[in-house]
Every structure is written in structure tokens, then in C-alpha cells.
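Q: A single structure is presented below for examination.
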Amino acid sequence: MHTLKRFYELPKEQRPETRDCIFLSTHEPCSLCLSAITWTGFDNFFYLFSHADSRDAFAIPHDLKILKEVFRLDPGGYPAENAFWKSFSIPALVRDLPEADRQRLEPRLGRMSEIYAELSGAYQQSKAGNDIPLN
């Protein structure tokens, strides 16, 4: 959300058209971010970690719970391609590459996942004792 806010704070003459941009996200966007991406005119987004990864690897199950309770969608239940945008899983794109490219990029994805796991651990520790409703 903050990225989108900052993007639209750029002076119009300095801001690229959204159709000329690639939107990168660490996690598969939550329902709020899906709406914001749509309303701000981006026609794509790429993400590193799926909702299931957020739940299973990073102890953040809330996006899947919200999608299920509010929209009655199972994990991965929204259309990855629709009238507004196309979404892409970066790990899935890497898996579909030719072998040489895949061998070069999979270790990089693994290292990013390791670094992110460390950051996630710090985040999880910071939640203890605070008043965040969904923790």
C-alpha cells in the first residue's frame, strides 16, 4: 500500500505509466493490496512468496483466512489472470525456465528465502505483547 502511495506522490510528469511498469511484491498480495493494485491501474504483479508460503513458512495465515471468510475463496482461488491484471509467481516462472537458467536462479531464490526467513523471525518476535489484532 505504501509503495502505491509513494508511486502516486511522484509528480505526474516524472511518474511512468502503470502499463509500462512491473509491480513486484514480496508476498502474494492480500485482498486489500489486490484491490489497490487494481484501482491504481497496474495490469500485473509478480510475487516471491504465495499466500500458502506466508501461512506455512512465515506464520502469517491471515490473508488466506480473510480470502476464505470474506470471499469464500480457497488458497489460490482468485483468477491469476482477469480483466484487470495478470499475476505471476516468481518461483513458478523460474521452474519453467530452461535447465541452465533454472540452475542459475534457483540458488538465488533459495538465498532470498533464507534471508526473508530471518527477517520473518524478527517480525514474529516483535509481535509478542503488542496489540495487533491479527497476530
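Ligands are numbered from 1 in the order shown, residues from 1 within each chain, and chains are lettered A, B, ... in the order they appear in the C-alpha cells.
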Taking the DSSP assignment computed from this structure's backbone, write out as number ranges by chain all residues of chain A that belong to alpha helix (DSSP H).
A: A: 2-9, 31-39, 51-58, 62-71, 90-95, 99-127
Q: Taking only C-alpha atoms into account, produce a table as JSON lines in which each residue of segment 83-122 of chain A with an atom at most 9 Å from an atom of segment 38-48 of chain A appears once, together with its shortest atom pair and the distance in Å to one decimal, ordered by chain and rising number.
A:
{"residue": "A:Ala83", "atom": "CA", "partner": "A:Asp43", "partner_atom": "CA", "distance": 8.9}
{"residue": "A:Phe84", "atom": "CA", "partner": "A:Asp43", "partner_atom": "CA", "distance": 5.9}
{"residue": "A:Trp85", "atom": "CA", "partner": "A:Asp43", "partner_atom": "CA", "distance": 4.0}
{"residue": "A:Lys86", "atom": "CA", "partner": "A:Asn44", "partner_atom": "CA", "distance": 4.8}
{"residue": "A:Ser87", "atom": "CA", "partner": "A:Phe45", "partner_atom": "CA", "distance": 4.9}
{"residue": "A:Phe88", "atom": "CA", "partner": "A:Phe46", "partner_atom": "CA", "distance": 4.7}
{"residue": "A:Ser89", "atom": "CA", "partner": "A:Tyr47", "partner_atom": "CA", "distance": 5.2}
{"residue": "A:Ile90", "atom": "CA", "partner": "A:Leu48", "partner_atom": "CA", "distance": 5.2}
{"residue": "A:Pro91", "atom": "CA", "partner": "A:Leu48", "partner_atom": "CA", "distance": 6.5}
{"residue": "A:Leu109", "atom": "CA", "partner": "A:Leu48", "partner_atom": "CA", "distance": 8.4}
{"residue": "A:Ser113", "atom": "CA", "partner": "A:Leu48", "partner_atom": "CA", "distance": 8.7}
Q: Mind giving me the straight-line distance from atom CA of His2 of chain A to atom CA of Leu32 of chain A in Å, one decimal?
A: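 Pair atom CA of His2 of chain A / atom CA of Leu32 of chain A returns 12.0 Å.
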Q: Could you check which of A:Ile115, A:Glu106, A:Lys127, A:Leu67 is closest to Ala92 of chain A, using only C-alpha atoms?
A: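 Of all the options, A:Glu106 lies closest to Ala92 of chain A.
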Q: Could you give me, as a VMD selection string, each residue of segment 24-117 of chain A that DSSP assigns to strand (DSSP E) when run on this structure's backbone?
A: chain A and resid 24 to 27 44 to 49 86 to 89
Q: Need to verify the contact set: Ile66 of chain A, 9 Å, only C-alpha atoms, exclusion of same-chain residues closer than 6 positions in sequence. Can you return it as a list in words?
A: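 In the requested format, the answer is Cys30, Ser31, Arg72 and Leu73 of chain A.
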Q: Report as a PyMOL selection string all protein, DNA and RNA residues lying within 10 Å of Thr3 of chain A, evaluated on only C-alpha atoms, omitting residues in the same chain fewer than 4 positions from it.
A: chain A and resi 7-9+23+25
Q: Store the residues of this selection in a file with C-alpha atoms, as a PDB file, in the first residue's frame.
A:
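That gives us again_18.pdb:
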ATOM      1  CA  PHE A   7       4.257   5.960  -6.588  1.00  0.00           C
ATOM      2  CA  TYR A   8       1.337   8.388  -6.897  1.00  0.00           C
ATOM      3  CA  GLU A   9       3.172  11.023  -4.874  1.00  0.00           C
ATOM      4  CA  PHE A  23       4.816  -4.469  -9.958  1.00  0.00           C
ATOM      5  CA  SER A  25       5.745  -7.853  -4.322  1.00  0.00           C
TER       6      SER A  25
END
Q: Which value, in Å to one decimal, gives the distance between atom CA of Asp56 of chain A and atom CA of Asp74 of chain A?
A: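 Atom CA of Asp56 of chain A sits 15.0 Å away from atom CA of Asp74 of chain A.
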Q: Give me the residues near Arg55 of chain A as number ranges by chain, where near means some atom within 12 Å (using only C-alpha atoms) and where sequence neighbours in that chain fewer than 5 positions away do not count.
A: A: 27-28, 49-50, 60-65, 75, 120, 135
Q: In Å, how far is it from atom CA of Ala128 of chain A to atom CA of Thr26 of chain A?
A: 23.0 Å
